[in-house]
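A.B. asks: Contents of target.txt (compact mmCIF, C-alpha atoms):
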# COMPACT_ATOMS: atom_id res chain seq x y z
CA MET A 1 42.90 98.00 -60.22
CA THR A 2 41.07 94.91 -61.45
CA VAL A 3 43.21 92.62 -59.27
CA ILE A 4 42.63 94.82 -56.21
CA ALA A 5 38.89 94.84 -56.85
CA ALA A 6 38.86 91.06 -57.20
CA LEU A 7 40.81 90.60 -53.96
CA ALA A 8 38.45 92.96 -52.15
CA ALA A 9 35.45 91.00 -53.42
CA VAL A 10 36.97 87.74 -52.18
CA ALA A 11 37.77 89.28 -48.79
CA VAL A 12 34.15 90.39 -48.41
CA ALA A 13 32.74 87.07 -49.66
CA VAL A 14 34.66 84.86 -47.22
CA PRO A 15 33.03 86.23 -44.01
CA VAL A 16 29.60 86.16 -45.67
CA THR A 17 30.08 82.53 -46.69
CA THR A 18 31.27 81.63 -43.20
CA ALA A 19 28.30 83.43 -41.64
CA CYS A 20 25.89 81.63 -43.95
CA SER A 21 27.46 78.32 -43.00
CA ALA A 22 26.98 79.09 -39.30
CA VAL A 23 23.36 80.07 -39.90
CA GLU A 24 22.76 76.89 -41.89
CA LYS A 25 24.23 74.79 -39.07
CA ALA A 26 22.06 76.58 -36.52
CA LEU A 27 18.96 76.01 -38.65
CA ASP A 28 19.83 72.32 -39.10
CA CYS A 29 20.27 72.03 -35.34
CA ALA A 30 16.98 73.82 -34.65
CA GLN A 31 15.08 71.69 -37.17
CA THR A 32 16.49 68.47 -35.78
CA ALA A 33 15.80 69.63 -32.21
CA ASP A 34 12.21 70.28 -33.28
CA ALA A 35 12.00 66.74 -34.68
CA ILE A 36 13.36 65.44 -31.38
CA LEU A 37 10.66 67.34 -29.47
CA THR A 38 8.03 65.69 -31.68
CA SER A 39 9.58 62.29 -30.91
CA VAL A 40 9.62 63.14 -27.19
CA GLU A 41 5.90 63.93 -27.38
CA ASP A 42 5.37 60.54 -29.04
CA LEU A 43 7.47 58.96 -26.29
CA GLN A 44 5.40 60.65 -23.58
CA GLN A 45 2.24 59.20 -25.08
CA ALA A 46 3.82 55.77 -25.52
CA ALA A 47 5.31 55.75 -22.01
CA SER A 48 1.98 55.38 -20.29
CA SER A 49 1.36 52.15 -22.15
CA ALA A 50 5.00 51.04 -22.44
CA VAL A 51 4.38 48.01 -20.24
CA ASP A 52 1.60 46.84 -22.56
CA ASN A 53 3.12 48.10 -25.82
CA PRO A 54 6.90 48.48 -25.48
CA ALA A 55 7.36 48.48 -29.26
CA GLU A 56 5.77 51.93 -29.56
CA ALA A 57 8.09 53.38 -26.92
CA GLU A 58 11.07 51.71 -28.66
CA ARG A 59 10.09 53.32 -31.98
CA ALA A 60 9.94 56.76 -30.35
CA LEU A 61 13.32 56.16 -28.70
CA ASP A 62 14.78 55.04 -32.03
CA ARG A 63 13.56 58.26 -33.71
CA ILE A 64 15.16 60.33 -30.95
CA ASP A 65 18.43 58.37 -31.33
CA LYS A 66 18.48 58.95 -35.09
CA ASN A 67 17.90 62.68 -34.69
CA LEU A 68 20.57 62.91 -31.99
CA ASP A 69 23.01 61.19 -34.34
CA ASP A 70 22.14 63.76 -37.01
CA ILE A 71 22.83 66.69 -34.67
CA GLY A 72 25.96 65.09 -33.24
CA ASP A 73 27.38 64.58 -36.73
CA LYS A 74 26.72 68.18 -37.77
CA THR A 75 27.88 70.16 -34.76
CA ASP A 76 31.16 71.22 -33.30
CA ASN A 77 29.48 73.42 -30.68
CA ALA A 78 30.36 72.34 -27.13
CA ASP A 79 26.96 73.33 -25.68
CA VAL A 80 25.09 71.38 -28.35
CA SER A 81 27.37 68.37 -27.86
CA LYS A 82 26.75 68.43 -24.10
CA ALA A 83 22.98 68.70 -24.61
CA VAL A 84 23.12 65.76 -27.06
CA ASP A 85 25.13 63.71 -24.55
CA ASP A 86 22.65 64.52 -21.77
CA LEU A 87 19.72 63.55 -23.96
CA ASN A 88 21.47 60.33 -25.01
CA GLY A 89 21.89 59.44 -21.32
CA ALA A 90 18.23 60.18 -20.58
CA VAL A 91 17.10 58.09 -23.57
CA LYS A 92 19.30 55.22 -22.38
CA GLY A 93 17.60 55.33 -18.96
CA VAL A 94 14.13 55.22 -20.50
CA ARG A 95 15.16 52.40 -22.82
CA GLU A 96 16.41 50.38 -19.82
CA SER A 97 13.09 50.87 -18.03
CA VAL A 98 11.15 49.75 -21.10
CA ASP A 99 13.45 46.72 -21.50
CA GLN A 100 12.79 45.81 -17.85
CA GLY A 101 9.03 46.02 -18.40
CA LYS A 102 8.66 49.12 -16.23
CA THR A 103 6.73 52.28 -16.99
CA PRO A 104 9.50 54.75 -17.77
CA ASP A 105 9.87 58.22 -16.31
CA VAL A 106 10.35 60.40 -19.38
CA THR A 107 10.93 63.61 -17.39
CA PRO A 108 14.74 63.49 -17.85
CA VAL A 109 14.22 63.07 -21.62
CA THR A 110 11.83 66.01 -21.73
CA ASN A 111 14.18 68.21 -19.72
CA ALA A 112 17.20 67.28 -21.85
CA ALA A 113 15.23 67.84 -25.08
CA ASN A 114 14.18 71.28 -23.87
CA GLU A 115 17.81 72.12 -23.10
CA LEU A 116 18.85 70.95 -26.56
CA THR A 117 16.19 73.17 -28.09
CA LYS A 118 17.55 76.16 -26.12
CA VAL A 119 21.13 75.65 -27.27
CA CYS A 120 20.05 75.04 -30.88
CA SER A 121 17.91 78.15 -31.08
CA PRO A 122 19.49 80.69 -33.40
CA GLY A 123 20.17 84.06 -31.87
Once more with this new file: its structure as structure tokens, please.
C.D. replies:
Amino acid sequence: MTVIAALAAVAVAVPVTTACSAVEKALDCAQTADAILTSVEDLQQAASSAVDNPAEAERALDRIDKNLDDIGDKTDNADVSKAVDDLNGAVKGVRESVDQGKTPDVTPVTNAANELTKVCSPG
């Protein structure tokens, strides 16, 4: 009976552990997505003066890149990966505008960040 009880306990513990792991991944994704939104807000503020102060826009873009790397490394979810790829593309476009001395349009970054937040939201 002791062996059967132990096996039953292990069988119950495995799904719980797996579920906790999924919840932890979702929370990591949501927290990082929230950090990205904060960086996007910084980018929006920096974009208006990007021609005069491109360094500030570059710093915001670098923060977004770092957070995207964090999410990309932690996820195996196809929707999250696609949202990360879309946001990476949008960030690349803004970075090119800043590098060319143009005032960037951050709308694609904002839209992609919002989509990432949606797919990272638990539940």
A.B. asks: Please report, as a Markdown table, each residue of segment 77-110 of chain A lying at most 12 Å from segment 24-43 of chain A, together with the nearest pair of atoms and the separation in Å rounded to one decimal; use all atoms listed in the file, and order rows by chain and ascending residue number.
C.D. replies:
| residue | atom | partner | partner_atom | distance |
| --- | --- | --- | --- | --- |
| A:Asn77 | CA | A:Ala26 | CA | 10.0 |
| A:Asp79 | CA | A:Cys29 | CA | 11.8 |
| A:Val80 | CA | A:Cys29 | CA | 8.5 |
| A:Ser81 | CA | A:Cys29 | CA | 10.9 |
| A:Ala83 | CA | A:Ala33 | CA | 10.5 |
| A:Val84 | CA | A:Ala33 | CA | 9.8 |
| A:Leu87 | CA | A:Ile36 | CA | 10.0 |
| A:Asn88 | CA | A:Ile36 | CA | 11.5 |
| A:Ala90 | CA | A:Val40 | CA | 11.3 |
| A:Val91 | CA | A:Val40 | CA | 9.7 |
| A:Val94 | CA | A:Leu43 | CA | 9.6 |
| A:Arg95 | CA | A:Leu43 | CA | 10.7 |
| A:Val98 | CA | A:Leu43 | CA | 11.2 |
| A:Thr103 | CA | A:Leu43 | CA | 11.5 |
| A:Pro104 | CA | A:Leu43 | CA | 9.7 |
| A:Asp105 | CA | A:Leu43 | CA | 10.3 |
| A:Val106 | CA | A:Leu43 | CA | 7.6 |
| A:Thr107 | CA | A:Val40 | CA | 9.9 |
| A:Pro108 | CA | A:Val40 | CA | 10.7 |
| A:Val109 | CA | A:Val40 | CA | 7.2 |
| A:Thr110 | CA | A:Val40 | CA | 6.6 |
A.B. asks: Between atom CA of Ser121 of chain A and atom CA of Glu58 of chain A, what is the spacing in Å?
C.D. replies: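 That distance, rounded to one decimal, is 27.4 Å.
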A.B. asks: Distance atom CA of Asp62 of chain A-atom CA of Glu115 of chain A, one decimal place?
C.D. replies: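 For atom CA of Asp62 of chain A relative to atom CA of Glu115 of chain A, the distance reads 19.5 Å.
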A.B. asks: Taking only C-alpha atoms into account, name the residue in A:Cys120, A:Ala78, A:Leu61, A:Ile71 that is nearest to Lys92 of chain A.
C.D. replies: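 Closest candidate: A:Leu61.
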A.B. asks: Near Ala57 of chain A, counting all atoms listed in the file, which residues have an atom at most 7 Å away, once you skip same-chain residues fewer than 5 positions from it, shown as a compact mmCIF listing (two decimals) with C-alpha atoms, in the frame of the given file?
C.D. replies:
# COMPACT_ATOMS: atom_id res chain seq x y z
CA LEU A 43 7.47 58.96 -26.29
CA ALA A 46 3.82 55.77 -25.52
CA ALA A 47 5.31 55.75 -22.01
CA ALA A 50 5.00 51.04 -22.44
A.B. asks: So how many Å separate atom CA of Asp86 of chain A and atom CA of Asn111 of chain A, to one decimal?
C.D. replies: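 So the answer is 9.5 Å.
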A.B. asks: Of the candidates A:Leu116, A:Val51, A:Gln45, A:Asp70, which one gets nearest to Asp85 of chain A if we count all atoms listed in the file?
C.D. replies: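 Answer, going by the shortest atom-to-atom distance: A:Leu116.
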A.B. asks: Go through A:Ser49, A:Gln44, A:Thr75, A:Asn114 and flag the residue nearest Gly101 of chain A, using all atoms listed in the file for the distances.
C.D. replies: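 Looking at the shortest contact to Gly101 of chain A, the residue is A:Ser49.
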A.B. asks: Please put the answer as lines of an AutoDock Vina configuration file: centre and edge lengths, in Å with one decimal, of a box along x, y and z that encloses all listed atoms of segment 52-58 of chain A plus 8 Å on each side.
C.D. replies:
center_x = 6.3
center_y = 50.1
center_z = -26.1
size_x = 25.5
size_y = 22.5
size_z = 23.0
